[in-house]
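> My structure file query.cif, mmCIF, C-alpha atoms, is below:
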```
data_coords
loop_
_atom_site.label_atom_id
_atom_site.label_comp_id
_atom_site.auth_asym_id
_atom_site.auth_seq_id
_atom_site.Cartn_x
_atom_site.Cartn_y
_atom_site.Cartn_z
CA MET A 1 2.19 -14.65 1.96
CA LYS A 2 1.87 -10.89 1.65
CA ASP A 3 -1.49 -9.40 0.65
CA VAL A 4 -1.36 -8.97 -3.14
CA ALA A 5 -2.70 -5.43 -2.84
CA GLU A 6 0.44 -4.40 -0.94
CA ALA A 7 2.94 -6.35 -3.03
CA LYS A 8 6.06 -4.57 -4.22
CA ILE A 9 6.94 -5.46 -7.79
CA ALA A 10 10.31 -5.60 -9.56
CA VAL A 11 10.47 -5.80 -13.35
CA ILE A 12 13.68 -6.91 -15.02
CA GLY A 13 13.88 -5.46 -18.51
CA ALA A 14 12.56 -2.07 -19.61
CA GLY A 15 11.97 -2.86 -23.26
CA LEU A 16 8.85 -3.67 -25.27
CA MET A 17 7.27 -6.01 -22.70
CA GLY A 18 8.92 -4.84 -19.48
CA HIS A 19 7.76 -1.23 -19.59
CA GLY A 20 4.20 -2.38 -20.33
CA ILE A 21 4.18 -4.85 -17.44
CA ALA A 22 5.48 -2.15 -15.10
CA GLN A 23 2.74 0.17 -16.36
CA VAL A 24 -0.02 -2.35 -15.58
CA PHE A 25 1.18 -2.97 -12.03
CA ALA A 26 1.77 0.73 -11.32
CA LEU A 27 -1.70 1.60 -12.59
CA ALA A 28 -3.09 -1.05 -10.19
CA GLY A 29 -1.45 0.82 -7.29
CA HIS A 30 1.75 -1.19 -6.82
CA GLU A 31 5.15 0.31 -6.17
CA VAL A 32 7.34 -0.89 -9.03
CA THR A 33 11.09 -0.90 -9.49
CA ILE A 34 12.41 -1.57 -12.98
CA THR A 35 15.92 -2.24 -14.19
CA ASP A 36 17.67 -2.84 -17.48
CA ALA A 37 21.28 -3.36 -18.52
CA VAL A 38 20.70 -0.98 -21.45
CA THR A 39 20.93 2.54 -20.05
CA ALA A 40 18.95 4.12 -22.89
CA SER A 41 15.98 1.79 -22.29
CA LEU A 42 15.99 2.53 -18.57
CA ASP A 43 16.27 6.28 -19.09
CA ALA A 44 13.27 6.29 -21.44
CA VAL A 45 11.00 3.95 -19.49
CA LYS A 46 9.04 6.55 -17.53
CA SER A 47 8.42 8.75 -20.55
CA ARG A 48 7.19 5.73 -22.53
CA ILE A 49 4.81 4.75 -19.74
CA ALA A 50 3.58 8.33 -19.37
CA ALA A 51 2.90 8.51 -23.11
CA ASN A 52 0.93 5.25 -22.99
CA LEU A 53 -1.14 6.42 -20.03
CA TYR A 54 -1.92 9.71 -21.79
CA ASP A 55 -2.90 7.93 -25.00
CA LEU A 56 -5.19 5.53 -23.13
CA GLY A 57 -6.75 8.23 -20.96
CA GLU A 58 -5.49 6.49 -17.82
CA ASP A 59 -4.28 8.01 -14.55
CA GLN A 60 -0.96 9.61 -15.52
CA SER A 61 0.12 9.88 -11.88
CA ALA A 62 0.66 6.09 -11.93
CA VAL A 63 4.03 6.65 -13.57
CA GLU A 64 5.28 8.13 -10.28
CA ARG A 65 4.99 4.65 -8.75
CA VAL A 66 7.61 3.36 -11.20
CA ARG A 67 11.21 3.75 -10.02
CA PRO A 68 14.00 3.04 -12.53
CA CYS A 69 17.01 1.45 -10.88
CA ALA A 70 20.31 0.79 -12.63
CA ASP A 71 21.46 -1.77 -10.04
CA LEU A 72 19.80 -5.20 -10.21
CA ALA A 73 20.40 -6.01 -6.54
CA ALA A 74 18.81 -2.76 -5.41
CA ALA A 75 15.88 -3.23 -7.77
CA VAL A 76 14.88 -6.64 -6.39
CA ARG A 77 15.99 -6.40 -2.76
CA ASP A 78 12.62 -5.36 -1.29
CA ALA A 79 10.39 -6.98 -3.91
CA ASP A 80 7.63 -9.44 -3.09
CA TYR A 81 7.35 -10.44 -6.73
CA VAL A 82 9.99 -10.28 -9.48
CA VAL A 83 9.12 -10.70 -13.14
CA GLU A 84 11.82 -11.01 -15.79
CA ALA A 85 11.14 -9.67 -19.29
CA VAL A 86 14.47 -9.79 -21.12
CA SER A 87 15.25 -11.24 -24.55
CA GLU A 88 14.45 -14.87 -25.40
CA ASP A 89 17.84 -16.31 -24.49
CA LEU A 90 17.86 -19.35 -22.17
CA ALA A 91 21.42 -18.89 -20.92
CA LEU A 92 20.80 -15.21 -20.19
CA LYS A 93 17.61 -15.95 -18.27
CA GLN A 94 19.25 -18.74 -16.26
CA LYS A 95 22.17 -16.50 -15.33
CA LEU A 96 19.84 -13.64 -14.45
CA PHE A 97 17.67 -15.71 -12.10
CA GLY A 98 20.77 -17.13 -10.45
CA GLU A 99 21.82 -13.57 -9.65
CA ILE A 100 18.33 -12.46 -8.63
CA GLU A 101 18.00 -15.33 -6.18
CA ARG A 102 21.10 -14.11 -4.33
CA HIS A 103 19.51 -10.72 -3.64
CA VAL A 104 15.84 -11.45 -2.82
CA ARG A 105 14.11 -12.70 0.31
CA ALA A 106 13.42 -16.41 0.67
CA ASP A 107 9.67 -15.84 0.13
CA THR A 108 9.93 -13.59 -2.96
CA ILE A 109 8.15 -15.08 -5.97
CA LEU A 110 10.16 -15.26 -9.19
CA ALA A 111 8.47 -15.23 -12.59
CA SER A 112 9.72 -15.34 -16.17
CA ASN A 113 7.82 -13.72 -19.02
CA THR A 114 8.56 -15.89 -22.04
CA SER A 115 6.50 -17.16 -24.95
CA VAL A 116 9.02 -19.71 -26.21
CA ILE A 117 11.37 -21.13 -23.58
CA PRO A 118 10.09 -23.80 -21.13
CA ILE A 119 9.86 -22.41 -17.60
CA THR A 120 11.34 -25.67 -16.27
CA ALA A 121 14.53 -25.05 -18.25
CA ILE A 122 14.82 -21.47 -17.01
CA MET A 123 14.24 -22.23 -13.32
CA GLN A 124 15.92 -25.64 -12.92
CA GLY A 125 19.10 -24.20 -11.37
CA LEU A 126 17.42 -22.28 -8.55
CA SER A 127 17.88 -23.37 -4.96
CA LYS A 128 14.21 -22.64 -4.16
CA ARG A 129 12.40 -23.78 -7.28
CA GLU A 130 9.07 -24.00 -5.48
CA ARG A 131 8.70 -20.19 -5.57
CA ALA A 132 9.31 -19.90 -9.33
CA LEU A 133 6.88 -20.00 -12.25
CA GLY A 134 6.14 -18.44 -15.62
CA THR A 135 3.86 -15.57 -16.56
CA HIS A 136 3.37 -15.18 -20.30
CA TRP A 137 2.04 -11.72 -21.12
CA TRP A 138 0.87 -10.87 -24.63
CA ASN A 139 1.93 -7.81 -26.57
CA PRO A 140 1.07 -5.05 -25.90
CA PRO A 141 0.83 -5.95 -22.19
CA PHE A 142 -1.39 -2.98 -21.32
CA LEU A 143 -3.98 -3.84 -24.01
CA ILE A 144 -4.13 -7.66 -24.14
CA PRO A 145 -5.95 -9.01 -21.04
CA LEU A 146 -4.49 -12.52 -20.95
CA VAL A 147 -1.58 -13.60 -18.76
CA GLU A 148 -0.77 -17.32 -18.81
CA VAL A 149 0.47 -18.45 -15.39
CA ILE A 150 2.64 -21.53 -15.86
CA GLU A 151 3.54 -23.85 -13.03
CA THR A 152 6.35 -26.38 -13.14
CA GLN A 153 6.58 -29.70 -11.32
CA TRP A 154 8.26 -27.81 -8.48
CA THR A 155 5.95 -24.78 -8.10
CA ALA A 156 4.10 -24.62 -4.77
CA PRO A 157 0.29 -24.39 -5.14
CA GLN A 158 0.12 -21.25 -2.98
CA VAL A 159 2.61 -19.53 -5.28
CA VAL A 160 0.34 -20.23 -8.26
CA SER A 161 -2.81 -19.03 -6.49
CA TRP A 162 -1.11 -15.87 -5.17
CA THR A 163 0.24 -15.04 -8.64
CA MET A 164 -3.16 -15.63 -10.22
CA LYS A 165 -4.76 -13.27 -7.70
CA LEU A 166 -2.03 -10.64 -8.21
CA HIS A 167 -2.73 -10.45 -11.92
CA GLU A 168 -6.49 -10.62 -11.52
CA THR A 169 -6.50 -7.65 -9.13
CA ALA A 170 -4.29 -5.78 -11.61
CA GLY A 171 -7.07 -6.10 -14.20
CA LYS A 172 -5.65 -9.01 -16.19
CA LYS A 173 -7.27 -12.35 -17.05
CA PRO A 174 -4.90 -15.01 -15.67
CA ALA A 175 -5.06 -18.51 -17.17
CA HIS A 176 -3.60 -21.39 -15.15
CA VAL A 177 -1.30 -23.57 -17.25
CA LYS A 178 -0.99 -26.74 -15.17
CA LYS A 179 1.81 -28.35 -17.17
CA ASP A 180 4.92 -26.65 -18.58
CA VAL A 181 4.56 -27.57 -22.26
CA PRO A 182 6.23 -25.70 -25.17
CA GLY A 183 4.02 -22.84 -26.31
CA PHE A 184 1.78 -23.09 -23.23
CA ILE A 185 -1.88 -22.71 -24.33
CA GLY A 186 -2.26 -19.61 -26.49
CA ASN A 187 0.72 -20.10 -28.77
CA ARG A 188 -0.05 -23.78 -29.30
CA LEU A 189 -3.53 -22.87 -30.50
CA GLN A 190 -2.30 -19.92 -32.54
CA HIS A 191 0.43 -21.83 -34.33
CA ALA A 192 -1.81 -24.83 -35.03
CA LEU A 193 -3.97 -22.38 -36.99
CA TRP A 194 -0.91 -20.79 -38.64
CA ARG A 195 0.39 -24.22 -39.74
CA GLU A 196 -2.84 -25.00 -41.57
CA ALA A 197 -3.06 -21.47 -42.99
CA ILE A 198 0.44 -21.79 -44.47
CA SER A 199 -0.37 -25.26 -45.80
CA LEU A 200 -3.44 -23.98 -47.65
CA VAL A 201 -1.29 -21.40 -49.45
CA GLU A 202 1.57 -23.84 -50.00
CA ASN A 203 -0.78 -26.34 -51.65
CA GLY A 204 -2.48 -23.80 -53.90
CA VAL A 205 -5.88 -23.95 -52.24
CA CYS A 206 -5.96 -20.15 -51.94
CA ASP A 207 -3.67 -17.15 -51.55
CA ALA A 208 -2.60 -15.51 -48.30
CA GLU A 209 -5.10 -12.66 -48.55
CA THR A 210 -7.95 -15.16 -48.87
CA VAL A 211 -6.84 -17.12 -45.80
CA ASP A 212 -6.89 -13.96 -43.70
CA ALA A 213 -10.21 -12.81 -45.18
CA VAL A 214 -11.88 -16.15 -44.40
CA VAL A 215 -10.73 -16.10 -40.76
CA LYS A 216 -11.71 -12.45 -40.20
CA SER A 217 -15.08 -12.84 -41.93
CA SER A 218 -16.25 -16.12 -40.35
CA PHE A 219 -15.25 -17.89 -37.15
CA GLY A 220 -12.92 -15.04 -36.17
CA LEU A 221 -16.00 -12.89 -35.55
CA ARG A 222 -17.30 -15.40 -33.00
CA LEU A 223 -14.08 -15.97 -31.07
CA PRO A 224 -14.44 -13.08 -28.58
CA VAL A 225 -17.63 -14.69 -27.23
CA LEU A 226 -17.45 -18.31 -28.38
CA GLY A 227 -14.30 -20.31 -27.72
CA PRO A 228 -13.52 -23.47 -29.74
CA LEU A 229 -14.78 -25.94 -27.13
CA GLU A 230 -17.87 -23.84 -26.42
CA ASN A 231 -18.50 -23.97 -30.17
CA ALA A 232 -18.05 -27.75 -30.17
CA ASP A 233 -20.60 -28.08 -27.38
CA LEU A 234 -22.94 -25.67 -29.16
CA ILE A 235 -23.05 -27.76 -32.35
CA GLY A 236 -22.80 -31.02 -30.40
CA THR A 237 -19.91 -33.33 -29.65
CA ASP A 238 -21.46 -35.95 -31.95
CA LEU A 239 -21.33 -33.57 -34.93
CA THR A 240 -17.81 -32.48 -33.90
CA LEU A 241 -16.73 -36.14 -33.94
CA ALA A 242 -18.30 -36.70 -37.34
CA ILE A 243 -16.50 -33.66 -38.78
CA HIS A 244 -13.20 -34.71 -37.24
CA SER A 245 -13.54 -38.23 -38.63
CA SER A 246 -13.76 -36.74 -42.11
CA VAL A 247 -11.43 -33.74 -42.06
CA LEU A 248 -8.61 -34.31 -39.56
CA LYS A 249 -6.76 -36.77 -41.79
CA GLU A 250 -6.62 -34.04 -44.44
CA ILE A 251 -5.27 -31.29 -42.18
CA GLU A 252 -1.54 -30.49 -42.19
CA SER A 253 0.23 -32.58 -39.54
CA ARG A 254 3.94 -32.42 -40.43
CA PRO A 255 6.01 -32.06 -37.23
CA GLY A 256 8.49 -29.60 -38.72
CA ALA A 257 8.26 -26.15 -40.26
CA SER A 258 6.72 -25.74 -43.71
CA PRO A 259 9.18 -25.80 -46.64
CA TYR A 260 7.16 -22.89 -48.05
CA LEU A 261 7.86 -20.85 -44.90
CA GLN A 262 11.51 -21.90 -44.92
CA LYS A 263 11.89 -20.67 -48.51
CA LEU A 264 10.30 -17.31 -47.67
CA VAL A 265 12.91 -16.81 -44.97
CA ALA A 266 15.76 -18.06 -47.16
CA ASP A 267 14.69 -15.61 -49.88
CA GLY A 268 14.71 -12.70 -47.43
CA LYS A 269 10.92 -12.33 -47.49
CA LEU A 270 10.58 -11.57 -43.78
CA GLY A 271 7.21 -9.83 -43.73
CA PHE A 272 7.07 -6.25 -42.47
CA LYS A 273 10.83 -6.32 -41.86
CA SER A 274 11.59 -6.57 -45.59
CA GLY A 275 8.34 -5.36 -47.14
CA GLU A 276 7.27 -8.81 -48.28
CA GLY A 277 6.38 -12.10 -46.63
CA PHE A 278 3.28 -14.08 -47.53
CA ARG A 279 2.26 -10.89 -49.38
CA LYS A 280 3.84 -7.53 -50.19
CA TRP A 281 3.56 -4.65 -47.69
CA SER A 282 4.21 -1.00 -48.49
CA PRO A 283 5.21 1.29 -45.60
CA ASP A 284 1.75 2.88 -45.70
CA GLU A 285 0.04 -0.52 -45.56
CA GLN A 286 2.18 -1.55 -42.61
CA ALA A 287 1.40 1.66 -40.71
CA ALA A 288 -2.31 1.36 -41.46
CA LEU A 289 -2.52 -2.23 -40.21
CA ARG A 290 -0.58 -1.45 -37.03
CA ALA A 291 -2.83 1.54 -36.31
CA LYS A 292 -5.97 -0.49 -37.03
CA LEU A 293 -4.85 -3.20 -34.61
CA VAL A 294 -4.11 -0.74 -31.80
CA GLN A 295 -7.41 1.07 -32.29
CA HIS A 296 -9.27 -2.25 -32.24
CA LEU A 297 -7.58 -3.36 -29.01
CA LYS A 298 -8.25 0.00 -27.38
CA ALA A 299 -11.91 -0.11 -28.43
CA ILE A 300 -12.60 -3.55 -26.93
CA ARG A 301 -10.95 -2.98 -23.56
CA ASP A 302 -13.22 -3.77 -20.63
#
```
Hey, can you dump this file as structure tokens for me?

Amino acid sequence: MKDVAEAKIAVIGAGLMGHGIAQVFALAGHEVTITDAVTASLDAVKSRIAANLYDLGEDQSAVERVRPCADLAAAVRDADYVVEAVSEDLALKQKLFGEIERHVRADTILASNTSVIPITAIMQGLSKRERALGTHWWNPPFLIPLVEVIETQWTAPQVVSWTMKLHETAGKKPAHVKKDVPGFIGNRLQHALWREAISLVENGVCDAETVDAVVKSSFGLRLPVLGPLENADLIGTDLTLAIHSSVLKEIESRPGASPYLQKLVADGKLGFKSGEGFRKWSPDEQAALRAKLVQHLKAIRD
């Protein structure tokens, strides 16, 4: 397979995730083509990347390695690696990869960036399924280090290792997901926490602000240096077992969504979108939290 340092990249989708993925690869020295069915998104992609690079103090000349291309076939024809970052629509992704496969070389690796849809479902119709896998980037792609690399039962081992190396040399932290399970690793962990957080509010144990304050003021402070299983080893697996024997039976375990969450949605309380979700949010509060998050992510970059 081609040396990852010389790999030509094609990104399908120039929106929220796609332009950020293109930015990361271009900054790492790769030639990147990017395409999008929405002309306005494609026309704005280089200016968005340039603005990001300026804001981050990165090499602004990297944007010159990004080439917008309106034609999908032309965008992927010479690519060694194609990553799709369109909307979360299974039928759309399946159709898109069917078309991509007709225009790429037999050895081109095909990846889908999705946080929800199983990679197996997306790639099952390909004629060469062994060269396909998933790469789940986190938003914003140029600030969050993690990329989950998801293999399916068909993915060739060398495709996984090459993709891991590609992302590592681009400055990301690839995590190998060995089985294509819904939510992969990060979202399964995140939503297990969210389920219990919602349950605590639903059952009157505390309000939403208190849940967030507890996380941010306790174990959340340790998470950047102490993962959950490192923590379990630190306190001892015997103590972990004793705690689990007492508390797990009390933790929320319903398989479906919380009725409390369902009612919020039914009542139009959609969070930032409507100004109220688990709590009320003024426009100023929303802007302040978004800015605080971006500044935090920028400050902790390697």
> Between CA of Leu221 (chain A) and CA of Cys206 (chain A), what distance in Å does the model show, to one decimal?
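Taking CA of Leu221 (chain A) as the start and CA of Cys206 (chain A) as the end point, the length is 20.5 Å.
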> Determine the nearest neighbour of Thr114 (chain A) from the options A:Leu200, A:Leu193, A:Leu133, A:Val205, counting all atoms listed in the file.
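Between A:Leu200, A:Leu193, A:Leu133, A:Val205, the residue approaching Thr114 (chain A) most closely is A:Leu133.
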> Distance CA of Asn139 (chain A)-CA of Leu16 (chain A), one decimal place?
8.2 Å
> Tell me which residues the PyMOL selection byres ((chain A and resi 270-278) around 10) grabs here, as JSON, numbers by chain.
{"A": [198, 201, 207, 208, 209, 260, 261, 264, 265, 266, 267, 268, 269, 279, 280, 281, 282, 283, 285, 286, 287]}
> Go through the shown structure with the PyMOL selection byres ((chain A and resi 148) around 9) and write out the matching residues as a VMD selection string.
chain A and resid 134 to 138 146 to 147 149 to 150 173 to 177 184 to 186
> Measure the distance from CA of Val83 (chain A) to CA of Val11 (chain A) in Å and round it to one decimal.
5.1 Å
> Neighbouring residues of Asp59 (chain A) were defined as those with any atom within 12 Å, considering all atoms listed in the file; residues of the same chain fewer than 4 positions away were excluded. Please report them as number ranges by chain.
A: 23-24, 26-29, 49-55, 63-65
> Smallest atom-to-atom distance to Pro145 (chain A): which of A:Leu289, A:Ala170, A:Ala62, A:Ala197, using all atoms listed in the file?
A:Ala170
> Pull the neighbourhood of (-5.3, -13.4, -7.8) for me: all residues within 12 Å in file coordinates, counting all atoms listed in the file, as number ranges by chain.
A: 3-5, 7, 147, 149, 158-176
> Nearest residue to Leu56 (chain A) out of A:Ala73, A:Ile100, A:Leu297, A:Ile119, using only C-alpha atoms?
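Closest to Leu56 (chain A), using only C-alpha atoms: A:Leu297.
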> Taking all atoms listed in the file into account, which of A:Gly227, A:Gly220, A:Gly57, A:Pro141 comes nearest Phe25 (chain A)?
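Using all atoms listed in the file, Phe25 (chain A) sits closest to A:Pro141.
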> For Met123 (chain A), which of A:Ile144, A:Ser41, A:Asp107, A:Phe97 is the closest residue, counting only C-alpha atoms?
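Among the listed residues, the smallest separation from Met123 (chain A) belongs to A:Phe97.
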> Select, from A:Ser253, A:Ala156, A:Val116, A:Glu202, the residue with the minimum atom-to-atom distance to Gly183 (chain A), counting all atoms listed in the file.
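Among A:Ser253, A:Ala156, A:Val116, A:Glu202, it is A:Val116 that comes nearest to Gly183 (chain A).
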> Around (11.3, -2.1, -17.4), as given in the file, which residues come within 7 Å? Count only C-alpha atoms and list them as number ranges by chain.
A: 11-15, 18-19, 22, 34-36, 42, 45
> Write out as number ranges by chain which residues come within 6 Å of Lys8 (chain A) when counting all atoms listed in the file, dropping same-chain ones fewer than 3 positions away.
A: 31, 79-80
